[in-house]
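> File my_file_39.txt follows (compact mmCIF, C-alpha atoms (C1' of nucleotides)):
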```
# COMPACT_ATOMS: atom_id res chain seq x y z
CA MET A 1 -12.30 29.43 -14.18
CA ARG A 2 -9.36 29.82 -16.42
CA VAL A 3 -6.05 30.88 -14.88
CA SER A 4 -2.87 32.25 -16.34
CA LYS A 5 -0.22 30.00 -17.83
CA GLN A 6 2.05 30.78 -14.89
CA THR A 7 -0.66 29.92 -12.39
CA MET A 8 -1.43 26.69 -14.14
CA GLU A 9 2.23 25.76 -14.16
CA ARG A 10 2.39 26.53 -10.46
CA HIS A 11 -0.69 24.42 -9.78
CA HIS A 12 0.82 21.59 -11.77
CA LYS A 13 3.97 21.66 -9.68
CA GLU A 14 2.02 21.98 -6.44
CA ILE A 15 -0.12 18.97 -7.29
CA ILE A 16 2.99 16.91 -7.96
CA ALA A 17 4.71 18.14 -4.79
CA ILE A 18 1.70 17.28 -2.66
CA ALA A 19 1.32 13.88 -4.30
CA SER A 20 4.99 13.15 -3.70
CA THR A 21 4.62 13.68 0.04
CA MET A 22 1.25 11.93 0.27
CA LEU A 23 2.70 8.97 -1.60
CA ARG A 24 5.39 8.55 1.01
CA GLU A 25 2.93 8.99 3.87
CA ARG A 26 0.13 6.77 2.62
CA GLY A 27 1.41 4.61 -0.23
CA VAL A 28 0.06 4.41 -3.76
CA LEU A 29 -3.40 3.11 -2.92
CA GLY A 30 -3.68 5.53 -0.01
CA VAL A 31 -3.57 8.65 -2.16
CA GLY A 32 -6.75 9.65 -3.93
CA VAL A 33 -7.00 12.04 -6.82
CA ALA A 34 -9.55 14.15 -4.95
CA ASP A 35 -7.39 14.21 -1.80
CA VAL A 36 -4.42 15.56 -3.69
CA MET A 37 -6.46 18.19 -5.50
CA GLN A 38 -8.12 19.33 -2.30
CA ALA A 39 -4.76 19.59 -0.54
CA ALA A 40 -3.64 21.77 -3.44
CA GLY A 41 -6.64 24.04 -2.87
CA LEU A 42 -8.39 22.85 -6.04
CA THR A 43 -11.34 20.63 -6.86
CA HIS A 44 -11.10 17.19 -8.37
CA GLY A 45 -12.63 18.24 -11.69
CA GLY A 46 -9.55 19.94 -13.02
CA PHE A 47 -7.29 16.99 -12.43
CA TYR A 48 -7.49 15.62 -15.94
CA ARG A 49 -6.35 18.92 -17.43
CA HIS A 50 -3.06 18.17 -15.72
CA PHE A 51 -2.65 14.40 -15.93
CA ALA A 52 -3.94 11.66 -18.19
CA SER A 53 -4.61 9.37 -15.23
CA LYS A 54 -3.79 8.73 -11.60
CA GLU A 55 -1.02 6.47 -12.83
CA ALA A 56 0.56 9.39 -14.70
CA LEU A 57 0.47 11.48 -11.52
CA ILE A 58 2.10 8.73 -9.49
CA ALA A 59 4.84 8.38 -12.07
CA GLU A 60 5.55 12.13 -12.02
CA ALA A 61 5.35 12.28 -8.23
CA THR A 62 7.80 9.40 -7.95
CA SER A 63 10.23 11.18 -10.22
CA ALA A 64 9.75 14.41 -8.27
CA ALA A 65 10.39 12.73 -4.92
CA PHE A 66 13.70 11.33 -6.11
CA ALA A 67 14.63 14.58 -7.82
CA GLU A 68 13.96 16.65 -4.71
CA ILE A 69 16.17 14.40 -2.62
CA LEU A 70 18.96 14.04 -5.13
CA ASP A 71 19.11 17.75 -5.84
CA GLY A 72 19.62 18.30 -2.13
CA LEU A 73 22.27 15.61 -1.95
CA GLU A 74 24.18 16.97 -4.90
CA LYS A 75 24.20 20.43 -3.38
CA ALA A 76 25.43 19.01 -0.09
CA ALA A 77 28.21 17.12 -1.83
CA ALA A 78 29.27 20.26 -3.68
CA ARG A 79 29.27 22.22 -0.43
CA LYS A 80 31.10 19.91 1.96
CA GLY A 81 32.49 17.14 -0.21
CA ALA A 82 31.08 13.79 -1.30
CA THR A 83 32.32 11.78 1.67
CA ALA A 84 31.14 14.16 4.39
CA ALA A 85 27.80 14.55 2.62
CA LEU A 86 27.41 10.78 2.50
CA GLU A 87 28.05 10.52 6.22
CA ASP A 88 25.35 13.11 6.90
CA TYR A 89 22.99 11.30 4.58
CA ILE A 90 23.50 8.01 6.37
CA SER A 91 22.95 9.42 9.82
CA GLY A 92 19.82 11.22 8.65
CA TYR A 93 18.53 8.14 6.88
CA LEU A 94 18.96 5.97 9.96
CA SER A 95 17.50 8.53 12.34
CA GLN A 96 14.32 8.31 14.37
CA ARG A 97 13.09 11.38 12.53
CA HIS A 98 13.27 9.63 9.18
CA VAL A 99 11.48 6.60 10.57
CA ASP A 100 8.73 8.76 12.07
CA GLN A 101 8.29 11.14 9.15
CA PRO A 102 8.28 9.38 5.81
CA SER A 103 6.65 12.28 4.00
CA ARG A 104 9.87 14.02 3.01
CA GLY A 105 12.06 10.94 3.30
CA CYS A 106 13.37 8.29 0.95
CA PRO A 107 10.77 6.87 -1.45
CA ILE A 108 12.26 3.36 -1.37
CA PRO A 109 11.23 2.30 2.13
CA ALA A 110 8.11 4.46 1.91
CA PHE A 111 6.51 3.01 -1.19
CA GLY A 112 9.05 0.80 -2.94
CA ALA A 113 6.89 -2.25 -2.23
CA ASP A 114 3.88 -0.46 -3.74
CA ALA A 115 5.89 0.64 -6.75
CA GLY A 116 6.84 -2.98 -7.42
CA ARG A 117 3.14 -3.72 -7.93
CA GLU A 118 2.52 -0.79 -10.26
CA SER A 119 2.85 -0.35 -14.00
CA ALA A 120 6.08 -0.24 -15.93
CA SER A 121 5.94 3.54 -16.28
CA ILE A 122 6.02 3.98 -12.50
CA ARG A 123 8.66 1.31 -12.01
CA ALA A 124 10.81 2.98 -14.65
CA GLU A 125 10.75 6.27 -12.72
CA PHE A 126 11.59 4.41 -9.56
CA GLU A 127 14.47 2.59 -11.20
CA ALA A 128 15.89 5.84 -12.57
CA GLY A 129 15.78 7.32 -9.08
CA VAL A 130 17.49 4.31 -7.51
CA ASP A 131 20.14 4.44 -10.20
CA ARG A 132 20.87 8.09 -9.58
CA LEU A 133 20.93 7.57 -5.82
CA LEU A 134 23.36 4.67 -6.10
CA ALA A 135 25.69 6.74 -8.24
CA TRP A 136 25.63 9.54 -5.69
CA ILE A 137 26.35 7.14 -2.82
CA ALA A 138 29.18 5.49 -4.75
CA ALA A 139 30.81 8.87 -5.30
CA GLY A 140 31.02 9.40 -1.55
CA LEU A 141 32.69 6.09 -0.77
CA ARG A 142 36.40 6.11 -0.22
CA CYS A 143 37.12 2.55 -1.32
CA ALA A 144 38.67 1.32 -4.55
CA GLU A 145 36.88 2.40 -7.69
CA ALA A 146 35.95 -1.17 -8.62
CA GLU A 147 34.16 -1.83 -5.34
CA ARG A 148 32.22 1.38 -5.17
CA THR A 149 29.03 0.34 -6.93
CA ALA A 150 28.88 -2.93 -5.05
CA LYS A 151 29.35 -1.18 -1.74
CA ALA A 152 26.79 1.48 -2.60
CA ILE A 153 24.22 -1.24 -3.28
CA GLU A 154 25.07 -2.97 -0.03
CA LEU A 155 24.80 0.26 1.94
CA LEU A 156 21.51 1.30 0.37
CA SER A 157 19.97 -2.15 0.86
CA LEU A 158 20.99 -2.12 4.48
CA MET A 159 19.50 1.31 5.10
CA VAL A 160 16.26 0.63 3.24
CA GLY A 161 15.74 -2.64 5.09
CA ALA A 162 16.49 -1.11 8.48
CA VAL A 163 13.97 1.70 7.95
CA VAL A 164 11.24 -0.59 6.62
CA THR A 165 11.70 -3.01 9.49
CA ALA A 166 11.91 -0.27 12.11
CA ARG A 167 8.73 1.34 10.81
CA ALA A 168 6.85 -1.94 10.78
CA SER A 169 7.96 -2.86 14.28
CA GLY A 170 6.03 -0.11 16.01
CA ASP A 171 7.51 2.49 18.32
CA GLN A 172 8.87 -0.03 20.77
CA ALA A 173 12.36 -1.00 21.79
CA LEU A 174 12.90 -3.27 18.80
CA SER A 175 12.48 -0.41 16.38
CA LYS A 176 15.20 1.62 18.07
CA LYS A 177 17.46 -1.42 18.29
CA ILE A 178 17.19 -1.99 14.56
CA LEU A 179 17.99 1.63 13.82
CA ALA A 180 20.96 1.71 16.18
CA GLN A 181 22.36 -1.46 14.67
CA GLY A 182 21.81 -0.02 11.19
CA ARG A 183 23.94 2.97 12.14
CA ARG A 184 26.74 0.74 13.41
CA SER A 185 26.67 -1.49 10.34
CA ALA A 186 26.56 1.45 7.95
CA GLY A 187 29.39 3.11 9.82
CA ASN A 188 31.53 0.02 9.45
CA LEU A 189 30.73 -0.17 5.77
CA VAL A 190 31.79 3.35 4.89
CA SER A 191 34.88 3.42 7.10
CA VAL A 192 36.45 0.25 5.72
CA MET B 193 -26.74 -21.64 6.00
CA ARG B 194 -25.29 -22.95 9.19
CA VAL B 195 -22.28 -25.26 8.93
CA SER B 196 -20.67 -27.59 11.43
CA LYS B 197 -18.16 -26.37 13.98
CA GLN B 198 -15.39 -28.15 12.06
CA THR B 199 -16.41 -26.57 8.79
CA MET B 200 -16.53 -23.14 10.34
CA GLU B 201 -13.09 -23.63 11.85
CA ARG B 202 -11.82 -24.69 8.44
CA HIS B 203 -13.39 -21.65 6.80
CA HIS B 204 -11.82 -19.44 9.44
CA LYS B 205 -8.37 -20.81 8.71
CA GLU B 206 -8.90 -20.64 4.96
CA ILE B 207 -9.92 -17.01 5.17
CA ILE B 208 -6.78 -16.19 7.13
CA ALA B 209 -4.55 -18.20 4.81
CA ILE B 210 -5.96 -16.46 1.75
CA ALA B 211 -5.66 -13.05 3.37
CA SER B 212 -2.06 -13.78 4.31
CA THR B 213 -1.09 -14.42 0.68
CA MET B 214 -3.22 -11.57 -0.70
CA LEU B 215 -1.63 -9.21 1.81
CA ARG B 216 1.81 -10.02 0.50
CA GLU B 217 0.68 -9.74 -3.12
CA ARG B 218 -1.35 -6.55 -2.90
CA GLY B 219 -0.59 -4.81 0.39
CA VAL B 220 -3.04 -3.85 3.12
CA LEU B 221 -5.16 -1.45 1.10
CA GLY B 222 -5.14 -3.82 -1.86
CA VAL B 223 -7.05 -6.58 -0.10
CA GLY B 224 -10.76 -6.19 0.22
CA VAL B 225 -12.99 -8.08 2.60
CA ALA B 226 -15.20 -9.23 -0.27
CA ASP B 227 -12.17 -10.34 -2.34
CA VAL B 228 -10.90 -12.53 0.46
CA MET B 229 -14.30 -14.09 1.13
CA GLN B 230 -14.88 -14.78 -2.54
CA ALA B 231 -11.46 -16.39 -2.88
CA ALA B 232 -12.44 -18.61 0.05
CA GLY B 233 -15.60 -19.64 -1.81
CA LEU B 234 -17.87 -17.65 0.51
CA THR B 235 -19.84 -14.43 0.30
CA HIS B 236 -18.91 -11.25 2.10
CA GLY B 237 -21.92 -11.38 4.42
CA GLY B 238 -20.48 -14.00 6.71
CA PHE B 239 -17.25 -12.12 7.27
CA TYR B 240 -18.28 -10.51 10.54
CA ARG B 241 -19.11 -13.88 12.09
CA HIS B 242 -15.37 -14.54 11.83
CA PHE B 243 -13.74 -11.18 12.48
CA ALA B 244 -14.68 -7.99 14.26
CA SER B 245 -13.27 -5.85 11.46
CA LYS B 246 -10.93 -5.85 8.50
CA GLU B 247 -8.23 -4.67 10.87
CA ALA B 248 -8.68 -7.81 12.97
CA LEU B 249 -8.31 -9.96 9.86
CA ILE B 250 -5.12 -8.17 8.83
CA ALA B 251 -3.67 -8.66 12.31
CA GLU B 252 -4.45 -12.39 12.24
CA ALA B 253 -3.19 -12.75 8.67
CA THR B 254 0.04 -11.01 9.60
CA SER B 255 0.56 -13.37 12.48
CA ALA B 256 -0.27 -16.34 10.25
CA ALA B 257 2.20 -15.26 7.55
CA PHE B 258 5.05 -15.10 10.05
CA ALA B 259 3.98 -18.32 11.74
CA GLU B 260 3.89 -20.22 8.45
CA ILE B 261 7.39 -19.10 7.57
CA LEU B 262 8.89 -19.61 11.00
CA ASP B 263 7.38 -23.05 11.42
CA GLY B 264 9.07 -24.02 8.17
CA LEU B 265 12.36 -22.51 9.25
CA GLU B 266 12.33 -24.24 12.61
CA LYS B 267 11.67 -27.56 10.95
CA ALA B 268 14.52 -26.96 8.50
CA ALA B 269 16.88 -26.09 11.35
CA ALA B 270 15.90 -29.26 13.20
CA ARG B 271 16.47 -31.34 10.08
CA LYS B 272 19.80 -30.02 8.77
CA GLY B 273 21.14 -27.79 11.52
CA ALA B 274 20.75 -24.09 12.23
CA THR B 275 23.67 -22.90 10.15
CA ALA B 276 22.87 -24.89 7.01
CA ALA B 277 19.21 -23.90 7.29
CA LEU B 278 20.20 -20.24 7.54
CA GLU B 279 22.30 -20.52 4.40
CA ASP B 280 19.33 -21.98 2.53
CA TYR B 281 17.10 -19.27 3.89
CA ILE B 282 19.42 -16.53 2.69
CA SER B 283 19.77 -17.92 -0.81
CA GLY B 284 16.03 -18.36 -1.09
CA TYR B 285 15.39 -14.89 0.26
CA LEU B 286 17.71 -13.27 -2.22
CA SER B 287 16.48 -15.32 -5.18
CA GLN B 288 14.68 -14.09 -8.27
CA ARG B 289 11.79 -16.35 -7.30
CA HIS B 290 11.27 -14.53 -4.02
CA VAL B 291 11.40 -11.17 -5.75
CA ASP B 292 8.88 -12.29 -8.37
CA GLN B 293 6.50 -14.11 -6.04
CA PRO B 294 5.82 -12.21 -2.84
CA SER B 295 2.67 -14.16 -2.04
CA ARG B 296 4.39 -16.87 -0.02
CA GLY B 297 7.47 -14.85 0.81
CA CYS B 298 8.63 -12.69 3.68
CA PRO B 299 6.03 -10.22 4.99
CA ILE B 300 8.60 -7.53 5.76
CA PRO B 301 9.49 -6.44 2.23
CA ALA B 302 5.98 -7.30 1.04
CA PHE B 303 3.93 -5.11 3.38
CA GLY B 304 6.21 -3.85 6.13
CA ALA B 305 5.77 -0.29 4.90
CA ASP B 306 1.99 -0.74 4.97
CA ALA B 307 2.11 -2.26 8.44
CA GLY B 308 3.97 0.80 9.69
CA ARG B 309 0.90 2.88 8.80
CA GLU B 310 -1.59 0.56 10.47
CA SER B 311 -2.93 0.33 13.98
CA ALA B 312 -0.99 -0.82 17.01
CA SER B 313 -2.63 -4.25 16.98
CA ILE B 314 -1.24 -4.96 13.51
CA ARG B 315 2.15 -3.49 14.29
CA ALA B 316 2.34 -5.64 17.42
CA GLU B 317 1.83 -8.81 15.37
CA PHE B 318 4.45 -7.62 12.95
CA GLU B 319 6.90 -6.86 15.72
CA ALA B 320 6.40 -10.30 17.27
CA GLY B 321 7.13 -11.89 13.90
CA VAL B 322 10.28 -9.85 13.37
CA ASP B 323 11.42 -10.74 16.85
CA ARG B 324 10.95 -14.44 16.30
CA LEU B 325 12.65 -14.26 12.90
CA LEU B 326 15.66 -12.42 14.34
CA ALA B 327 16.04 -15.05 17.05
CA TRP B 328 15.97 -17.81 14.46
CA ILE B 329 18.57 -16.07 12.30
CA ALA B 330 20.80 -15.41 15.30
CA ALA B 331 20.74 -19.11 16.19
CA GLY B 332 22.18 -19.97 12.79
CA LEU B 333 25.11 -17.57 12.97
CA ARG B 334 28.47 -18.98 13.93
CA CYS B 335 29.94 -15.84 15.48
CA ALA B 336 30.42 -15.01 19.15
CA GLU B 337 27.27 -15.12 21.26
CA ALA B 338 27.45 -11.40 22.03
CA GLU B 339 27.44 -10.38 18.37
CA ARG B 340 24.70 -12.66 17.19
CA THR B 341 21.69 -10.41 17.62
CA ALA B 342 23.48 -7.47 16.11
CA LYS B 343 24.55 -9.51 13.12
CA ALA B 344 21.09 -10.97 12.71
CA ILE B 345 19.64 -7.47 12.52
CA GLU B 346 22.26 -6.43 10.03
CA LEU B 347 21.62 -9.48 7.86
CA LEU B 348 17.85 -9.13 7.93
CA SER B 349 18.00 -5.41 7.14
CA LEU B 350 20.27 -6.08 4.22
CA MET B 351 17.99 -8.77 2.81
CA VAL B 352 14.78 -6.82 3.30
CA GLY B 353 16.25 -3.74 1.64
CA ALA B 354 17.64 -5.70 -1.28
CA VAL B 355 14.28 -7.34 -1.99
CA VAL B 356 12.29 -4.11 -1.67
CA THR B 357 14.69 -2.26 -3.94
CA ALA B 358 14.89 -5.09 -6.46
CA ARG B 359 11.09 -5.31 -6.64
CA ALA B 360 10.70 -1.59 -7.08
CA SER B 361 13.34 -1.40 -9.79
CA GLY B 362 11.39 -3.42 -12.33
CA ASP B 363 12.59 -6.53 -14.06
CA GLN B 364 15.59 -4.87 -15.59
CA ALA B 365 19.32 -5.32 -15.12
CA LEU B 366 19.43 -3.17 -11.99
CA SER B 367 17.08 -5.49 -10.15
CA LYS B 368 19.30 -8.50 -10.79
CA LYS B 369 22.40 -6.53 -9.89
CA ILE B 370 20.94 -5.60 -6.52
CA LEU B 371 20.00 -9.20 -5.81
CA ALA B 372 23.40 -10.53 -6.81
CA GLN B 373 25.15 -7.98 -4.64
CA GLY B 374 22.81 -8.85 -1.79
CA ARG B 375 23.87 -12.48 -2.04
CA ARG B 376 27.56 -11.53 -1.95
CA SER B 377 27.12 -9.19 1.02
CA ALA B 378 25.03 -11.70 2.94
CA GLY B 379 27.54 -14.42 2.19
CA ASN B 380 30.33 -12.31 3.61
CA LEU B 381 28.29 -11.55 6.70
CA VAL B 382 27.55 -15.14 7.64
CA SER B 383 30.99 -16.50 6.82
CA VAL B 384 32.93 -14.01 8.96
C1' DC C 385 -11.38 44.88 -27.91
C1' DA C 386 -13.90 40.54 -29.52
C1' DG C 387 -13.79 35.95 -29.97
C1' DA C 388 -11.58 31.64 -29.09
C1' DT C 389 -9.70 28.76 -25.78
C1' DA C 390 -8.95 26.39 -21.82
C1' DA C 391 -8.42 25.90 -16.32
C1' DG C 392 -10.98 24.86 -12.96
C1' DA C 393 -15.75 24.12 -10.69
C1' DT C 394 -19.80 21.52 -10.48
C1' DG C 395 -22.13 17.63 -11.11
C1' DA C 396 -22.72 12.92 -12.79
C1' DT C 397 -21.49 7.92 -13.43
C1' DA C 398 -20.03 3.61 -12.37
C1' DT C 399 -17.68 0.92 -9.42
C1' DA C 400 -15.72 -0.36 -5.05
C1' DT C 401 -15.55 -0.18 -0.20
C1' DA C 402 -16.42 -1.65 4.97
C1' DT C 403 -20.03 -2.62 7.70
C1' DA C 404 -24.82 -3.84 9.26
C1' DA C 405 -29.58 -5.95 9.01
C1' DT C 406 -32.23 -9.56 7.77
C1' DC C 407 -33.22 -13.96 5.86
C1' DT C 408 -32.31 -19.02 5.11
C1' DT C 409 -30.80 -23.18 6.18
C1' DT C 410 -28.66 -26.26 8.88
C1' DA C 411 -26.25 -28.08 13.12
C1' DT C 412 -26.77 -28.43 17.74
C1' DT C 413 -29.29 -28.85 22.01
C1' DT C 414 -33.15 -30.10 24.71
C1' DA D 415 -38.53 -34.67 17.07
C1' DA D 416 -38.98 -29.81 18.32
C1' DA D 417 -36.76 -25.74 19.56
C1' DT D 418 -32.86 -22.98 19.33
C1' DA D 419 -28.82 -21.03 17.74
C1' DA D 420 -25.82 -19.61 14.48
C1' DA D 421 -23.01 -19.67 9.71
C1' DG D 422 -23.46 -17.96 5.69
C1' DA D 423 -26.38 -15.63 1.84
C1' DT D 424 -28.80 -11.72 0.40
C1' DT D 425 -29.72 -7.21 0.57
C1' DA D 426 -28.95 -2.59 2.16
C1' DT D 427 -26.24 1.61 3.44
C1' DA D 428 -23.01 4.97 3.39
C1' DT D 429 -18.92 6.40 1.75
C1' DA D 430 -15.08 6.55 -1.40
C1' DT D 431 -13.14 5.93 -5.80
C1' DA D 432 -11.38 7.20 -10.80
C1' DT D 433 -13.05 9.20 -14.65
C1' DC D 434 -16.03 12.06 -17.73
C1' DA D 435 -19.39 15.87 -19.24
C1' DT D 436 -20.74 20.22 -18.83
C1' DC D 437 -20.64 24.89 -17.26
C1' DT D 438 -18.18 29.25 -15.83
C1' DT D 439 -15.04 32.46 -16.05
C1' DA D 440 -10.94 34.04 -16.94
C1' DT D 441 -6.75 34.39 -20.10
C1' DC D 442 -4.86 34.55 -24.42
C1' DT D 443 -4.85 35.61 -29.43
C1' DG D 444 -5.99 37.87 -33.59
```
Take the structure I supplied and represent it as structure tokens, if you would.

Amino acid sequence: MRVSKQTMERHHKEIIAIASTMLRERGVLGVGVADVMQAAGLTHGGFYRHFASKEALIAEATSAAFAEILDGLEKAAARKGATAALEDYISGYLSQRHVDQPSRGCPIPAFGADAGRESASIRAEFEAGVDRLLAWIAAGLRCAEAERTAKAIELLSLMVGAVVTARASGDQALSKKILAQGRRSAGNLVSV
Amino acid sequence: MRVSKQTMERHHKEIIAIASTMLRERGVLGVGVADVMQAAGLTHGGFYRHFASKEALIAEATSAAFAEILDGLEKAAARKGATAALEDYISGYLSQRHVDQPSRGCPIPAFGADAGRESASIRAEFEAGVDRLLAWIAAGLRCAEAERTAKAIELLSLMVGAVVTARASGDQALSKKILAQGRRSAGNLVSV
DNA sequence: CAGATAAGATGATATATATAATCTTTATTT
DNA sequence: AAATAAAGATTATATATATCATCTTATCTG
């Protein structure tokens, strides 16, 4: 049945929000259109009133995942300063919680590999998110202006790789070792 | 029809070899049992004479992917020395070729995120591969014995993250920038 | 308020999936 | 050489998939 414009708008946003968490939990091929709709309390039939294709949903959900995170980061930086916010971000990123719960975490370790196999429209959203994230990280670094972007890339690569490798290595000792070393390395990077 | 023991053994290895490249190209959910069998010149019906389940195939293919790479690395280290071999490995890892062609590349950026979602048997194979790779990297580092493992983890994390992020960021300028920075950072790591 | 419109539900289609049963053909064993 | 065993082919099953058509029912618009 038809719903009000406001309700439809709300549904639209809910679908995207659910897809953005499912994406990070299950990867691109692991999320089904019907799954997402059901989780939103709807049936699969209405999906194509909202999106032209699954690909379009993934693109929007990718953008939403980055936006959600970056909005939070920008608020944190405004509240406690760019450098302190960056330190919090790093310790959260390289935490056991982040490794265990990808659903609200960073999209890059969660489905960056998947995104690399997807269409240009999805990769473009991903790239925009990475760009924005790198700029935010750079702003929190205390080194010389000229080195900031380079260092931001180094730091992000290190963190992404540590989380991917820790997740893949099961819940054993190795996983924790990788995380702990990631924290040390990242700490050295930002302090120098 | 029945084939000789040798032929069956060959088929078995071919199936695993094909799965190990498909895995890296398409991820765990992207490889289908029938796809793999067809690529091996067989039909899907015979699959369960070779493997108990798709999961068993993925576990074996994961192990095979790491083994293939590490056998090559160990030969290279024997030929030209651990340190020189490590330098080659790093420059190959952070090359455009590796970013563009995951099929014969490192399993960690290719399907580490997928592996993290899979069963313990698959994660165990992955963990064993990471372990062996870290030991090989550590052997090529010229720093103090006590720091080697830590530095190997740092280096691998950095490289994995750079490749994942470069792949996800499309074929634009950002992707190349991430790779180039990865090479600089890795270079600094091994030289110090 | 009446009619148009459209969001979502229901149902259908076509394809893909992992797995299992059965059949065929051949290698192995006796 | 006959009997057996088994690898792979064929076929079947059950489920999942993305997408589309149609129907219902409510909102919006004139």
> Please report as a ChimeraX atom specification which residues of chain D come no farther than 12 Å from chain B, using all atoms listed in the file.
/D:419-426
> Between B:His203, B:Lys272, B:Arg216, B:Arg315, which is the closest to chain A once you count all atoms listed in the file?
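Counting all atoms listed in the file, the residue closest to chain A is B:Arg315.
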> How far is it from atom CA of A:Ala135 to atom CA of A:Tyr89, in Å with one decimal?
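Atom-to-atom, atom CA of A:Ala135 and atom CA of A:Tyr89 are spaced 13.9 Å apart.
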> What separation in Å, quoted to one decimal, exists between atom CA of B:Ile282 and atom CA of A:Phe111?
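Distance between the two atoms: 23.7 Å.
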> If we count all atoms listed in the file, what is near stretch 342-359 of chain B at a cut-off of 7 Å, once residues fewer than 6 positions away on the same chain are taken out, given as number ranges by chain?
A: 108, 112-113, 116, 157-162, 178, 181-182, 185; B: 286, 291, 300-301, 326, 329-330, 367, 370-371, 374, 378
> Select, as number ranges by chain, those residues of chain C with any atom no more than 7 Å from chain B (distances computed using only C-alpha atoms (C1' of nucleotides)).
C: 408-411
> When you draw a straight line from atom CA of B:Ala372 to atom CA of B:Gln288, how long is it in Å?
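Computing it gives 9.5 Å between the two atoms.
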> Skipping near chain neighbours, those fewer than 6 positions away, what residues fall within 9 Å of A:Arg142 using only C-alpha atoms (C1' of nucleotides), listed as a list in words?
Thr83, Arg148, Val190, Ser191 and Val192 of chain A
> Output C-alpha atoms of each residue in that selection to a file, as a PDB file, in the frame of the given file.

```
ATOM      1  CA  THR A  83      32.320  11.780   1.670  1.00  0.00           C
ATOM      2  CA  ARG A 148      32.220   1.380  -5.170  1.00  0.00           C
ATOM      3  CA  VAL A 190      31.790   3.350   4.890  1.00  0.00           C
ATOM      4  CA  SER A 191      34.880   3.420   7.100  1.00  0.00           C
ATOM      5  CA  VAL A 192      36.450   0.250   5.720  1.00  0.00           C
TER       6      VAL A 192
END
```
> Find the spatial neighbours of D:DT429, counting all atoms listed in the file, within a cut-off of 12 Å - ignore same-chain residues fewer than 4 positions away - and output them as a VMD selection string.
chain C and resid 400 to 403
> Name the residues, using the chain letters and numbers of the file, that sit within 12 Å of (-21.5, 18.4, -10.5) when counting all atoms listed in the file, and give them as a ChimeraX atom specification.
/A:43-45 /C:393-397 /D:434-437
> Given the selection you just returned, output its residues as a file containing C-alpha atoms (C1' of nucleotides), formatted as a PDB file, in the frame of the given file.

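So selection_3.pdb came out as:
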```
ATOM      1  CA  THR A  43     -11.340  20.630  -6.860  1.00  0.00           C
ATOM      2  CA  HIS A  44     -11.100  17.190  -8.370  1.00  0.00           C
ATOM      3  CA  GLY A  45     -12.630  18.240 -11.690  1.00  0.00           C
TER       4      GLY A  45
ATOM      5  C1'  DA C 393     -15.750  24.120 -10.690  1.00  0.00           C
ATOM      6  C1'  DT C 394     -19.800  21.520 -10.480  1.00  0.00           C
ATOM      7  C1'  DG C 395     -22.130  17.630 -11.110  1.00  0.00           C
ATOM      8  C1'  DA C 396     -22.720  12.920 -12.790  1.00  0.00           C
ATOM      9  C1'  DT C 397     -21.490   7.920 -13.430  1.00  0.00           C
TER      10       DT C 397
ATOM     11  C1'  DC D 434     -16.030  12.060 -17.730  1.00  0.00           C
ATOM     12  C1'  DA D 435     -19.390  15.870 -19.240  1.00  0.00           C
ATOM     13  C1'  DT D 436     -20.740  20.220 -18.830  1.00  0.00           C
ATOM     14  C1'  DC D 437     -20.640  24.890 -17.260  1.00  0.00           C
TER      15       DC D 437
END
```
> For B:Ser255, please output as a ChimeraX atom specification all residues within 10 Å (counting all atoms listed in the file; exclusion window: fewer than 5 positions along the same chain).
/B:208,212,249-250,260,299,314,316-321
> Pick from B:Ala257, B:Ala244, B:Ala360, B:Ala211: nearest to chain A, with all atoms listed in the file counted?
B:Ala360
> Quick one: stretch 111-119 of chain A with N, CA and C atoms, as an mmCIF file, in the first residue's frame?

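Below is the file that was written, result_8.cif:
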```
data_model
loop_
_atom_site.group_PDB
_atom_site.id
_atom_site.type_symbol
_atom_site.label_atom_id
_atom_site.label_comp_id
_atom_site.auth_asym_id
_atom_site.auth_seq_id
_atom_site.Cartn_x
_atom_site.Cartn_y
_atom_site.Cartn_z
ATOM 1 N N PHE A 111 34.903 -4.337 3.238
ATOM 2 C CA PHE A 111 34.561 -4.772 1.877
ATOM 3 C C PHE A 111 35.319 -4.013 0.796
ATOM 4 N N GLY A 112 36.502 -3.503 1.152
ATOM 5 C CA GLY A 112 37.338 -2.852 0.141
ATOM 6 C C GLY A 112 37.727 -3.804 -0.979
ATOM 7 N N ALA A 113 38.048 -5.041 -0.624
ATOM 8 C CA ALA A 113 38.417 -6.022 -1.653
ATOM 9 C C ALA A 113 37.238 -6.283 -2.586
ATOM 10 N N ASP A 114 36.032 -6.397 -2.009
ATOM 11 C CA ASP A 114 34.830 -6.570 -2.824
ATOM 12 C C ASP A 114 34.624 -5.359 -3.730
ATOM 13 N N ALA A 115 34.755 -4.189 -3.158
ATOM 14 C CA ALA A 115 34.509 -2.965 -3.926
ATOM 15 C C ALA A 115 35.431 -2.899 -5.141
ATOM 16 N N GLY A 116 36.656 -3.372 -4.974
ATOM 17 C CA GLY A 116 37.602 -3.370 -6.090
ATOM 18 C C GLY A 116 37.124 -4.212 -7.261
ATOM 19 N N ARG A 117 36.227 -5.150 -7.010
ATOM 20 C CA ARG A 117 35.709 -6.003 -8.087
ATOM 21 C C ARG A 117 34.413 -5.454 -8.662
ATOM 22 N N GLU A 118 33.880 -4.410 -8.080
ATOM 23 C CA GLU A 118 32.570 -3.915 -8.507
ATOM 24 C C GLU A 118 32.698 -2.815 -9.566
ATOM 25 N N SER A 119 31.563 -2.320 -9.971
ATOM 26 C CA SER A 119 31.494 -1.350 -11.072
ATOM 27 C C SER A 119 32.106 -0.009 -10.671
#
```
